[in-house]
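Novice: Got a file for you: input_38.txt, compact mmCIF, C-alpha atoms and all ligand atoms.
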# COMPACT_ATOMS: atom_id res chain seq x y z
CA MET W 153 -4.07 -6.29 19.78
CA GLU W 154 -4.99 -8.96 17.32
CA SER W 155 -3.04 -12.23 17.24
CA LEU W 156 -3.64 -14.53 14.34
CA HIS W 157 -3.48 -17.71 16.38
CA ALA W 158 -6.33 -16.59 18.59
CA HIS W 159 -8.63 -16.83 15.57
CA PRO W 160 -10.25 -19.99 14.18
CA SER W 161 -8.94 -21.72 11.08
CA ALA W 162 -10.82 -20.88 7.89
CA ASP W 163 -10.38 -24.43 6.56
CA GLY W 164 -13.58 -25.64 4.94
CA VAL W 165 -15.89 -24.89 2.04
CA TRP W 166 -17.14 -21.30 1.85
CA GLN W 167 -20.37 -21.63 -0.12
CA GLY W 168 -22.89 -19.26 -1.66
CA LEU W 169 -20.41 -16.55 -2.63
CA ARG W 170 -20.85 -13.97 -5.36
CA LEU W 171 -17.36 -13.56 -6.78
CA ALA W 172 -16.41 -9.97 -7.56
CA GLU W 173 -15.87 -9.75 -11.31
CA GLY W 174 -12.27 -9.92 -12.43
CA LEU W 175 -10.97 -10.59 -8.92
CA ALA W 176 -11.25 -14.38 -8.84
CA VAL W 177 -10.08 -17.21 -11.09
CA PRO W 178 -12.52 -20.15 -10.96
CA ASP W 179 -11.18 -23.65 -11.59
CA VAL W 180 -14.53 -24.53 -13.17
CA ALA W 181 -16.37 -21.88 -15.22
CA LEU W 182 -19.20 -20.16 -13.36
CA PRO W 183 -22.53 -20.01 -15.20
CA GLU W 184 -23.99 -16.49 -15.29
CA GLY W 185 -25.34 -15.60 -11.84
CA ALA W 186 -24.24 -18.87 -10.21
CA LEU W 187 -23.00 -18.78 -6.64
CA ALA W 188 -19.49 -20.00 -5.97
CA SER W 189 -17.57 -22.03 -3.44
CA VAL W 190 -14.05 -21.36 -2.26
CA VAL W 191 -12.29 -24.31 -0.66
CA VAL W 192 -9.71 -23.49 2.01
CA ARG W 193 -7.36 -26.18 3.28
CA GLN W 194 -4.31 -25.72 5.46
CA GLY W 195 -4.64 -21.98 5.06
CA GLN W 196 -4.59 -22.08 1.27
CA VAL W 197 -7.27 -21.66 -1.36
CA ARG W 198 -7.53 -25.10 -3.02
CA TRP W 199 -10.46 -24.74 -5.39
CA VAL W 200 -12.84 -22.06 -6.71
CA GLY W 201 -15.96 -22.89 -8.72
CA PRO W 202 -19.76 -23.22 -8.80
CA ASP W 203 -21.38 -24.53 -5.61
CA ALA W 204 -22.91 -27.32 -7.66
CA ALA W 205 -19.53 -28.53 -9.01
CA LEU W 206 -17.69 -29.07 -5.72
CA PRO W 207 -15.22 -31.95 -6.29
CA ALA W 208 -15.92 -35.07 -4.22
CA ALA W 209 -12.50 -34.77 -2.59
CA PHE W 210 -13.77 -31.76 -0.63
CA ALA W 211 -17.25 -33.04 0.20
CA ALA W 212 -16.38 -34.03 3.77
CA LEU W 213 -14.99 -30.62 4.77
CA PRO W 214 -17.02 -28.32 7.03
CA ARG W 215 -19.23 -25.90 5.10
CA TRP W 216 -19.94 -22.24 5.76
CA GLN W 217 -22.97 -20.66 4.09
CA ALA W 218 -22.42 -17.12 2.80
CA GLY W 219 -25.92 -16.70 1.36
CA GLY W 220 -24.91 -14.57 -1.62
CA LEU W 221 -22.41 -12.26 0.05
CA LEU W 222 -19.93 -10.59 -2.30
CA ALA W 223 -16.40 -12.05 -2.05
CA THR W 224 -13.26 -10.11 -2.91
CA PRO W 225 -9.64 -10.97 -2.36
CA GLY W 226 -8.06 -9.45 0.74
CA LEU W 227 -7.29 -5.80 0.07
CA VAL W 228 -3.73 -4.61 -0.51
CA ASP W 229 -2.50 -1.19 0.64
CA CYS W 230 0.62 -0.76 -1.48
CA HIS W 231 1.98 2.60 -0.28
CA THR W 232 2.06 3.67 3.37
CA HIS W 233 4.29 5.53 5.80
CA LEU W 234 2.54 3.89 8.76
CA VAL W 235 5.33 4.07 11.36
CA TYR W 236 6.09 7.54 12.73
CA GLY W 237 6.01 9.65 15.87
CA GLY W 238 3.81 12.68 16.47
CA GLN W 239 1.23 14.18 14.13
CA ARG W 240 1.01 17.28 11.96
CA ALA W 241 -2.38 18.87 12.57
CA HIS W 242 -0.59 22.19 12.98
CA GLU W 243 0.53 22.08 9.33
CA PHE W 244 -2.98 21.19 8.31
CA ALA W 245 -4.06 24.47 9.89
CA LEU W 246 -1.18 26.34 8.19
CA ARG W 247 -2.19 24.99 4.81
CA LEU W 248 -5.81 25.94 5.45
CA ALA W 249 -4.51 29.45 6.08
CA GLY W 250 -2.89 29.42 2.64
CA ALA W 251 0.62 27.92 3.00
CA SER W 252 1.61 25.37 0.34
CA TYR W 253 3.16 21.96 1.09
CA GLU W 254 6.45 23.20 -0.31
CA GLU W 255 6.35 26.39 1.81
CA VAL W 256 5.69 24.39 4.98
CA ALA W 257 8.57 22.02 4.10
CA ARG W 258 10.99 24.87 3.33
CA ALA W 259 10.10 26.51 6.66
CA GLY W 260 11.34 23.45 8.55
CA GLY W 261 7.99 21.74 8.92
CA GLY W 262 6.84 18.89 6.75
CA ILE W 263 8.70 15.61 6.67
CA VAL W 264 11.47 16.92 8.92
CA SER W 265 9.05 17.61 11.76
CA SER W 266 7.97 13.96 11.65
CA VAL W 267 11.64 13.03 11.64
CA ARG W 268 12.15 14.84 14.95
CA ALA W 269 9.20 13.03 16.56
CA THR W 270 10.19 9.66 15.10
CA ARG W 271 13.78 9.93 16.27
CA ALA W 272 12.57 10.83 19.78
CA ALA W 273 10.36 7.73 20.02
CA SER W 274 11.54 4.26 21.07
CA GLU W 275 10.87 1.19 19.00
CA ASP W 276 8.14 0.12 21.42
CA GLU W 277 6.55 3.55 21.34
CA LEU W 278 6.51 3.54 17.54
CA PHE W 279 4.96 0.07 17.59
CA ALA W 280 2.25 1.21 20.01
CA LEU W 281 1.48 4.25 17.83
CA ALA W 282 1.33 2.30 14.57
CA ALA W 283 -0.66 -0.69 15.90
CA PRO W 284 -4.11 1.02 16.01
CA ARG W 285 -3.50 2.54 12.57
CA LEU W 286 -2.77 -0.90 11.20
CA GLN W 287 -5.80 -2.33 13.00
CA ALA W 288 -8.06 0.26 11.35
CA LEU W 289 -6.83 -0.82 7.92
CA LEU W 290 -7.11 -4.52 8.75
CA ASP W 291 -10.69 -4.10 9.98
CA GLU W 292 -11.60 -3.08 6.44
CA GLY W 293 -10.06 -6.20 4.91
CA VAL W 294 -6.45 -5.25 4.21
CA CYS W 295 -4.40 -8.47 4.05
CA ALA W 296 -1.10 -7.10 2.70
CA ILE W 297 0.48 -3.73 3.26
CA GLU W 298 3.63 -1.85 2.36
CA ILE W 299 5.32 0.16 5.12
CA LYS W 300 8.10 2.62 4.29
CA SER W 301 10.86 4.04 6.43
CA GLY W 302 11.87 7.64 5.73
CA TYR W 303 11.16 9.42 9.01
CA GLY W 304 14.43 8.31 10.61
CA LEU W 305 16.96 9.55 8.04
CA ALA W 306 19.84 8.10 10.06
CA LEU W 307 20.84 4.45 10.21
CA GLU W 308 19.63 3.69 13.74
CA HIS W 309 16.31 5.47 13.25
CA GLU W 310 15.59 4.00 9.82
CA ARG W 311 16.38 0.60 11.34
CA LYS W 312 13.96 1.31 14.16
CA GLN W 313 11.14 2.10 11.73
CA LEU W 314 11.78 -0.97 9.60
CA ARG W 315 12.02 -3.24 12.62
CA VAL W 316 8.65 -1.95 13.82
CA ALA W 317 7.21 -2.66 10.36
CA ARG W 318 8.46 -6.26 10.53
CA ARG W 319 7.17 -6.68 14.09
CA LEU W 320 3.74 -5.40 13.06
CA GLY W 321 3.57 -8.03 10.34
CA GLU W 322 4.41 -10.80 12.77
CA ALA W 323 2.19 -9.58 15.61
CA PHE W 324 -0.89 -9.03 13.45
CA GLY W 325 -0.40 -11.90 11.02
CA VAL W 326 -0.48 -9.71 7.93
CA THR W 327 1.85 -9.64 4.95
CA VAL W 328 4.09 -6.58 5.34
CA ARG W 329 6.49 -5.45 2.62
CA THR W 330 9.10 -3.03 3.92
CA THR W 331 10.45 -0.25 1.74
CA PHE W 332 13.60 1.69 2.58
CA LEU W 333 12.98 5.39 1.93
CA GLY W 334 16.18 6.85 3.40
CA ALA W 335 16.14 9.34 0.52
CA HIS W 336 12.87 10.94 1.62
CA ALA W 337 14.20 14.31 2.81
CA LEU W 338 17.49 15.87 3.83
CA PRO W 339 18.01 15.46 7.57
CA PRO W 340 18.76 18.79 9.31
CA GLU W 341 22.34 17.78 10.21
CA TYR W 342 23.09 17.44 6.48
CA ALA W 343 21.73 20.86 5.50
CA GLY W 344 23.58 22.03 2.39
CA ARG W 345 25.26 18.63 2.00
CA ASP W 346 22.70 16.71 0.01
CA GLN W 347 25.31 14.77 -1.94
CA ASP W 348 27.03 13.62 1.26
CA TYR W 349 23.69 12.40 2.58
CA THR W 350 22.89 10.58 -0.68
CA ASP W 351 26.29 8.87 -0.45
CA LEU W 352 25.51 7.83 3.13
CA VAL W 353 22.17 6.38 2.03
CA CYS W 354 23.80 4.42 -0.79
CA HIS W 355 27.01 3.25 0.82
CA GLU W 356 26.09 2.78 4.47
CA MET W 357 22.43 2.87 5.38
CA LEU W 358 20.98 0.76 2.57
CA PRO W 359 23.67 -1.97 2.57
CA ALA W 360 23.49 -2.30 6.37
CA LEU W 361 19.71 -2.51 6.55
CA ALA W 362 19.53 -4.87 3.57
CA ALA W 363 22.07 -7.15 5.27
CA GLU W 364 19.79 -7.24 8.31
CA GLY W 365 16.91 -8.45 6.12
CA LEU W 366 14.89 -5.32 6.76
CA VAL W 367 14.45 -4.14 3.17
CA ASP W 368 12.12 -5.60 0.54
CA ALA W 369 12.28 -2.60 -1.84
CA VAL W 370 13.88 0.82 -2.19
CA ASP W 371 12.09 4.14 -2.76
CA VAL W 372 13.17 7.77 -3.26
CA PHE W 373 11.29 11.08 -3.12
CA CYS W 374 12.43 12.59 -6.44
CA GLU W 375 11.34 16.22 -6.29
CA ARG W 376 12.56 19.82 -6.19
CA ILE W 377 12.24 19.81 -2.38
CA ALA W 378 13.84 16.39 -2.03
CA PHE W 379 16.30 14.46 -4.27
CA THR W 380 17.44 15.18 -7.83
CA LEU W 381 17.14 12.82 -10.75
CA ALA W 382 20.88 12.06 -10.58
CA GLN W 383 20.69 11.30 -6.86
CA THR W 384 17.65 9.12 -7.47
CA GLU W 385 19.62 7.14 -10.03
CA GLN W 386 22.49 6.78 -7.57
CA VAL W 387 20.10 5.21 -5.03
CA PHE W 388 18.64 2.94 -7.72
CA GLN W 389 22.15 1.75 -8.58
CA ALA W 390 22.80 0.95 -4.93
CA ALA W 391 19.54 -1.02 -4.85
CA ARG W 392 20.50 -2.87 -8.02
CA ARG W 393 23.85 -3.88 -6.54
CA LEU W 394 21.91 -5.50 -3.68
CA GLY W 395 19.35 -7.10 -5.98
CA LEU W 396 16.49 -5.06 -4.52
CA PRO W 397 13.52 -3.78 -6.56
CA VAL W 398 12.84 -0.05 -6.71
CA LYS W 399 9.80 2.23 -6.69
CA LEU W 400 9.52 6.01 -6.75
CA HIS W 401 7.64 9.00 -5.35
CA ALA W 402 7.52 10.56 -8.79
CA GLU W 403 6.14 13.70 -10.47
CA GLN W 404 4.03 14.67 -7.45
CA LEU W 405 4.72 18.41 -7.51
CA SER W 406 6.54 18.76 -10.83
CA ASP W 407 7.68 16.69 -13.82
CA MET W 408 11.21 15.64 -12.90
CA GLY W 409 11.42 12.75 -15.37
CA GLY W 410 11.61 10.36 -12.42
CA SER W 411 9.11 7.87 -13.79
CA ALA W 412 11.04 7.26 -17.00
CA LEU W 413 14.20 6.76 -14.95
CA ALA W 414 12.44 4.39 -12.56
CA ALA W 415 11.03 2.41 -15.48
CA ARG W 416 14.56 2.00 -16.86
CA TYR W 417 15.40 0.32 -13.54
CA GLY W 418 12.38 -1.97 -13.88
CA ALA W 419 10.53 -0.21 -11.04
CA LEU W 420 7.64 -2.03 -9.41
CA SER W 421 5.71 1.24 -9.28
CA CYS W 422 5.74 5.00 -9.73
CA ASP W 423 3.57 6.71 -7.17
CA HIS W 424 1.62 10.03 -7.08
CA ILE W 425 2.43 10.93 -10.77
CA GLU W 426 0.12 13.95 -11.02
CA HIS W 427 2.66 15.61 -13.38
CA LEU W 428 3.54 12.45 -15.34
CA SER W 429 4.39 13.07 -19.02
CA GLN W 430 3.46 10.99 -22.06
CA GLU W 431 7.08 9.90 -22.25
CA GLY W 432 6.92 8.67 -18.65
CA ILE W 433 3.72 6.75 -19.41
CA ALA W 434 5.33 5.05 -22.41
CA ALA W 435 8.37 4.06 -20.34
CA MET W 436 6.17 2.63 -17.57
CA GLN W 437 4.12 0.72 -20.10
CA ARG W 438 7.23 -0.86 -21.62
CA ALA W 439 8.62 -1.80 -18.19
CA GLY W 440 5.34 -3.11 -16.75
CA THR W 441 5.56 -0.55 -13.94
CA VAL W 442 2.38 0.03 -11.92
CA ALA W 443 0.96 3.57 -11.59
CA VAL W 444 0.04 4.03 -7.91
CA LEU W 445 -2.65 6.69 -7.48
CA LEU W 446 -2.86 8.44 -4.12
CA PRO W 447 -6.09 10.43 -3.96
CA GLY W 448 -5.71 11.08 -0.22
CA ALA W 449 -2.59 13.20 -0.80
CA TYR W 450 -4.17 14.89 -3.82
CA TYR W 451 -7.18 15.79 -1.72
CA THR W 452 -5.29 16.86 1.42
CA LEU W 453 -2.98 19.14 -0.57
CA ARG W 454 -5.97 20.47 -2.50
CA ASP W 455 -4.08 19.62 -5.64
CA THR W 456 -5.69 20.51 -8.95
CA GLN W 457 -3.31 18.70 -11.30
CA LEU W 458 -4.98 15.38 -12.06
CA PRO W 459 -2.84 12.32 -12.79
CA PRO W 460 -3.16 11.50 -16.51
CA ILE W 461 -5.71 8.71 -16.04
CA PRO W 462 -7.09 8.55 -19.61
CA ALA W 463 -3.56 8.28 -21.04
CA LEU W 464 -2.53 5.64 -18.48
CA ARG W 465 -5.69 3.70 -19.31
CA ALA W 466 -5.08 4.00 -23.05
CA ALA W 467 -1.52 2.76 -22.61
CA GLY W 468 -2.67 -0.19 -20.53
CA VAL W 469 -0.54 0.78 -17.52
CA PRO W 470 -1.96 -1.03 -14.46
CA MET W 471 -3.33 1.47 -11.93
CA ALA W 472 -3.26 0.82 -8.18
CA VAL W 473 -4.88 2.94 -5.47
CA SER W 474 -3.46 3.33 -1.99
CA THR W 475 -3.87 5.34 1.21
CA ASP W 476 -0.32 6.80 1.24
CA HIS W 477 -1.02 6.91 4.96
CA ASN W 478 1.33 9.53 6.43
CA PRO W 479 1.01 12.34 8.99
CA GLY W 480 1.60 15.15 6.49
CA THR W 481 -0.23 14.73 3.23
CA SER W 482 -2.59 11.81 3.75
CA PRO W 483 -3.69 10.95 7.30
CA ALA W 484 -6.06 8.40 5.77
CA LEU W 485 -6.97 5.06 7.34
CA SER W 486 -9.56 3.72 4.93
CA LEU W 487 -8.63 2.03 1.68
CA LEU W 488 -12.31 1.93 0.64
CA LEU W 489 -12.48 5.69 1.04
CA MET W 490 -9.46 5.92 -1.28
CA ALA W 491 -11.32 3.78 -3.81
CA ASN W 492 -14.23 6.19 -3.55
CA MET W 493 -11.95 9.18 -4.06
CA ALA W 494 -10.15 7.51 -6.96
CA CYS W 495 -13.53 7.23 -8.67
CA THR W 496 -14.89 10.66 -7.75
CA LEU W 497 -11.71 12.73 -8.03
CA PHE W 498 -9.76 10.75 -10.65
CA ARG W 499 -12.69 9.27 -12.59
CA LEU W 500 -11.65 5.65 -12.26
CA THR W 501 -14.41 3.18 -12.97
CA VAL W 502 -15.52 0.97 -10.08
CA PRO W 503 -13.83 -2.15 -11.54
CA GLU W 504 -10.62 -0.12 -11.98
CA ALA W 505 -10.77 1.12 -8.39
CA LEU W 506 -11.40 -2.40 -7.05
CA ALA W 507 -8.54 -3.84 -9.11
CA GLY W 508 -6.53 -0.89 -7.82
CA ILE W 509 -6.88 -1.92 -4.18
CA THR W 510 -6.36 -5.64 -4.91
CA THR W 511 -4.75 -7.11 -8.04
CA HIS W 512 -2.77 -4.10 -9.23
CA ALA W 513 -1.76 -3.11 -5.70
CA ALA W 514 -0.33 -6.62 -5.24
CA ARG W 515 1.67 -6.16 -8.44
CA ALA W 516 3.03 -2.84 -7.14
CA LEU W 517 4.55 -4.86 -4.28
CA GLY W 518 5.77 -7.76 -6.39
CA LEU W 519 3.11 -9.93 -4.70
CA GLN W 520 1.06 -10.67 -7.82
CA ALA W 521 1.65 -14.44 -7.54
CA THR W 522 0.19 -14.69 -4.04
CA HIS W 523 -2.10 -11.73 -3.31
CA GLY W 524 -4.85 -9.63 -4.85
CA LEU W 525 -6.82 -12.43 -6.52
CA ILE W 526 -8.98 -15.32 -5.27
CA ALA W 527 -7.41 -18.36 -6.91
CA ALA W 528 -6.30 -21.88 -6.06
CA GLY W 529 -2.76 -22.21 -4.76
CA ARG W 530 -2.70 -18.86 -2.94
CA PRO W 531 -2.83 -18.10 0.77
CA ALA W 532 -6.46 -17.72 1.88
CA ASN W 533 -7.04 -13.97 2.07
CA LEU W 534 -10.62 -13.03 1.33
CA VAL W 535 -13.32 -10.64 2.43
CA LEU W 536 -17.10 -11.18 2.39
CA TRP W 537 -19.19 -8.03 2.08
CA PRO W 538 -22.90 -7.42 2.76
CA VAL W 539 -23.53 -5.46 -0.43
CA ALA W 540 -25.98 -5.84 -3.27
CA GLU W 541 -23.40 -4.88 -5.88
CA ALA W 542 -19.63 -4.42 -6.01
CA ALA W 543 -20.03 -0.70 -6.70
CA GLU W 544 -21.16 -0.27 -3.08
CA LEU W 545 -17.58 -0.85 -1.97
CA ALA W 546 -16.57 2.42 -3.62
CA TYR W 547 -19.88 4.23 -3.22
CA TRP W 548 -20.31 4.68 0.53
CA LEU W 549 -18.26 7.50 2.06
CA GLY W 550 -16.50 6.36 5.21
CA GLN W 551 -18.92 3.58 6.06
CA LYS W 552 -16.49 0.94 7.42
CA PRO W 553 -18.83 -1.95 6.52
CA ALA W 554 -19.37 -4.98 8.69
CA CYS W 555 -17.56 -7.77 6.89
CA THR W 556 -16.14 -11.23 7.36
CA ILE W 557 -12.39 -11.45 6.85
CA VAL W 558 -10.19 -14.47 6.22
CA ARG W 559 -6.54 -13.50 6.55
CA GLN W 560 -3.68 -15.96 6.19
CA GLY W 561 -6.13 -18.81 6.51
CA ARG W 562 -7.74 -17.56 9.74
CA VAL W 563 -11.18 -16.04 10.30
CA VAL W 564 -9.94 -12.81 11.87
CA ARG W 565 -13.26 -11.01 11.76
CA ASP W 566 -16.75 -12.41 11.33
CA ALA W 567 -19.07 -9.45 11.72
CA LEU W 568 -21.55 -11.22 9.41
CA GLY W 569 -21.63 -14.47 11.39
CA VAL W 570 -20.87 -16.67 8.38
CA HIS W 571 -18.43 -18.85 10.25
CA GLY W 572 -20.37 -18.73 13.52
O1 LIG W 601 3.85 10.31 -0.04
N1 LIG W 601 5.69 12.93 -0.99
C1 LIG W 601 6.45 12.60 -0.12
N2 LIG W 601 6.19 11.80 0.90
C2 LIG W 601 4.94 11.64 1.52
C3 LIG W 601 4.61 12.76 2.42
C4 LIG W 601 5.43 12.71 3.61
C5 LIG W 601 5.15 13.78 4.61
O2 LIG W 601 4.70 14.90 4.27
O3 LIG W 601 5.40 13.47 5.77
C6 LIG W 601 3.84 11.38 0.51
O4 LIG W 601 2.99 12.23 0.23
FE FE W 602 4.18 8.52 0.11
Write the structure described by the file as structure tokens, please.

Specialist:
Amino acid sequence: MESLHAHPSADGVWQGLRLAEGLAVPDVALPEGALASVVVRQGQVRWVGPDAALPAAFAALPRWQAGGLLATPGLVDCHTHLVYGGQRAHEFALRLAGASYEEVARAGGGIVSSVRATRAASEDELFALAAPRLQALLDEGVCAIEIKSGYGLALEHERKQLRVARRLGEAFGVTVRTTFLGAHALPPEYAGRDQDYTDLVCHEMLPALAAEGLVDAVDVFCERIAFTLAQTEQVFQAARRLGLPVKLHAEQLSDMGGSALAARYGALSCDHIEHLSQEGIAAMQRAGTVAVLLPGAYYTLRDTQLPPIPALRAAGVPMAVSTDHNPGTSPALSLLLMANMACTLFRLTVPEALAGITTHAARALGLQATHGLIAAGRPANLVLWPVAEAAELAYWLGQKPACTIVRQGRVVRDALGVHG
């Protein structure tokens, strides 16, 4: 396992960088085609500008020559269910044989089968299972990640998932935002008592876990096979009482009106949104809510209902792209592959896809002041890529490029030998 402190400090002047367009804020304007320097000191970006304009105050720092490599901010994966027991290849086979996601769920498979495996696993076992998944994402430059609960569906098991999420952040030295998703599915012991379970989520589970400092945001799966609009609002009210931001699994299988509701609660994001209406788009636009696109789930479920990208674009709703890593609908461990699929399946442009896995993904986590952009005053999270043009990041299918990664001010990977 990776430990941040085992890696060298990134402090110094990183020279000869090509800054990815729109993903960096220079302190001194960059002439067309000029190579840039990024100054890192005490783990923070201190200055960004043309190589030739480096302020004298930084002249004595060590220098690392990037020779024209493309620099992006550290990637942000803003929607994952990374911590769970077991796997669901069996359902994959069932769906290939014609069963729908809803049919599998109604037959006792789906989320509830991951709940059984997650409840049966210890905290250490869950950590050991999630660690290589996290490592795969980090190796591609992820520097901040959201991890949801939602496979415990009982206080002790939701706690276990969230504690593992926190431990992963500490052990790997990566920014982890935890999201409580107690309202993900109805646990089997509450069959036929969905209102009782919603009450438990709102009055016991969420307040207890929030008091333990385990919850950064609150999410609900608002859907025919999950929670109603009224129950979703009840959870949002509980979150509001605790001062926690909300987000929503919204309009994935049908238009429930969840996005408009979430926007009324100032949601950070509405995620999936294949069936999002024009009214939902307008509400998100007014609230500044991010649209999180999850092409891995769309692809795995062989969905045909496209999220309304042109209308989101026209309304100026920021669009993020994420893995939605989970064992049921998106067993994906490459954010770059998701960028590719967002372009190919959803027709995002390359700049949109790259903003979607950086700047807009950071906003979907409330991290827009610190992550998703190369700029002075932020923690040093950046990735150097051996590509001729930024489009290559979305173009290759499953390439896992060699790259050099600075995360939280440390050189955690230097496959390109820039720091060497
Ligand atoms: O984001 N849509 C609901 N939740 C997950 C799937 C969870 C599962 O099937 O285990 C999602 O797609
Ligand atoms: Fe999800």

Novice: Can I get the residues close to ligand FE 602 (chain W) as an MDAnalysis selection string, where close means within 10 Å and we count all atoms listed in the file?

Specialist: chainID W and resid 231:234 299:300 302 333 336 371:373 400:402 404 423:424 446 449 474:478 480:482

Novice: Any chance you can output those residues with C-alpha atoms as an mmCIF file, keeping the file's coordinate frame?

Specialist:
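Result file follows (result_34.cif):
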data_model
loop_
_atom_site.group_PDB
_atom_site.id
_atom_site.type_symbol
_atom_site.label_atom_id
_atom_site.label_comp_id
_atom_site.auth_asym_id
_atom_site.auth_seq_id
_atom_site.Cartn_x
_atom_site.Cartn_y
_atom_site.Cartn_z
ATOM 1 C CA HIS W 231 1.980 2.600 -0.280
ATOM 2 C CA THR W 232 2.060 3.670 3.370
ATOM 3 C CA HIS W 233 4.290 5.530 5.800
ATOM 4 C CA LEU W 234 2.540 3.890 8.760
ATOM 5 C CA ILE W 299 5.320 0.160 5.120
ATOM 6 C CA LYS W 300 8.100 2.620 4.290
ATOM 7 C CA GLY W 302 11.870 7.640 5.730
ATOM 8 C CA LEU W 333 12.980 5.390 1.930
ATOM 9 C CA HIS W 336 12.870 10.940 1.620
ATOM 10 C CA ASP W 371 12.090 4.140 -2.760
ATOM 11 C CA VAL W 372 13.170 7.770 -3.260
ATOM 12 C CA PHE W 373 11.290 11.080 -3.120
ATOM 13 C CA LEU W 400 9.520 6.010 -6.750
ATOM 14 C CA HIS W 401 7.640 9.000 -5.350
ATOM 15 C CA ALA W 402 7.520 10.560 -8.790
ATOM 16 C CA GLN W 404 4.030 14.670 -7.450
ATOM 17 C CA ASP W 423 3.570 6.710 -7.170
ATOM 18 C CA HIS W 424 1.620 10.030 -7.080
ATOM 19 C CA LEU W 446 -2.860 8.440 -4.120
ATOM 20 C CA ALA W 449 -2.590 13.200 -0.800
ATOM 21 C CA SER W 474 -3.460 3.330 -1.990
ATOM 22 C CA THR W 475 -3.870 5.340 1.210
ATOM 23 C CA ASP W 476 -0.320 6.800 1.240
ATOM 24 C CA HIS W 477 -1.020 6.910 4.960
ATOM 25 C CA ASN W 478 1.330 9.530 6.430
ATOM 26 C CA GLY W 480 1.600 15.150 6.490
ATOM 27 C CA THR W 481 -0.230 14.730 3.230
ATOM 28 C CA SER W 482 -2.590 11.810 3.750
#

Novice: So, counting all atoms listed in the file, which residue among W:Gly226, W:Pro202, W:Gly409, W:Pro207 is closest to Thr556 in chain W?

Specialist: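 Closest residue, counting all atoms listed in the file: W:Gly226.
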
Novice: Residues within 10 Å of Val469 in chain W, please, as a list in words. Count only C-alpha atoms; anything in the same chain fewer than 6 positions from it doesn't count.

Specialist: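 In the requested format, the answer is Ile433, Ala434, Ala435, Met436, Gln437, Arg438, Ala439, Gly440, Thr441, Val442, Ala443, Ile461, Ala463 and His512 of chain W.
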
Novice: Have a look at CA of Gly529 in chain W and CA of Gln560 in chain W and let me know their distance in Å, one decimal.

Specialist: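 Atom-to-atom, CA of Gly529 in chain W to CA of Gln560 in chain W, that is 12.6 Å.
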
Novice: Restricting the calculation to all atoms listed in the file: of W:Ser265, W:Gln386, W:Ser189, W:Ser274, which residue gets closest to ligand LIG 601 (chain W)?

Specialist: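 Once distances to ligand LIG 601 (chain W) are computed over all atoms listed in the file, the minimum belongs to W:Ser265.
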
Novice: Which residues come within 8 Å of Phe279 in chain W, counting all atoms listed in the file, excluding same-chain residues fewer than 2 positions away, as a ChimeraX atom specification?

Specialist: /W:235,275-277,281-283,316,319-320
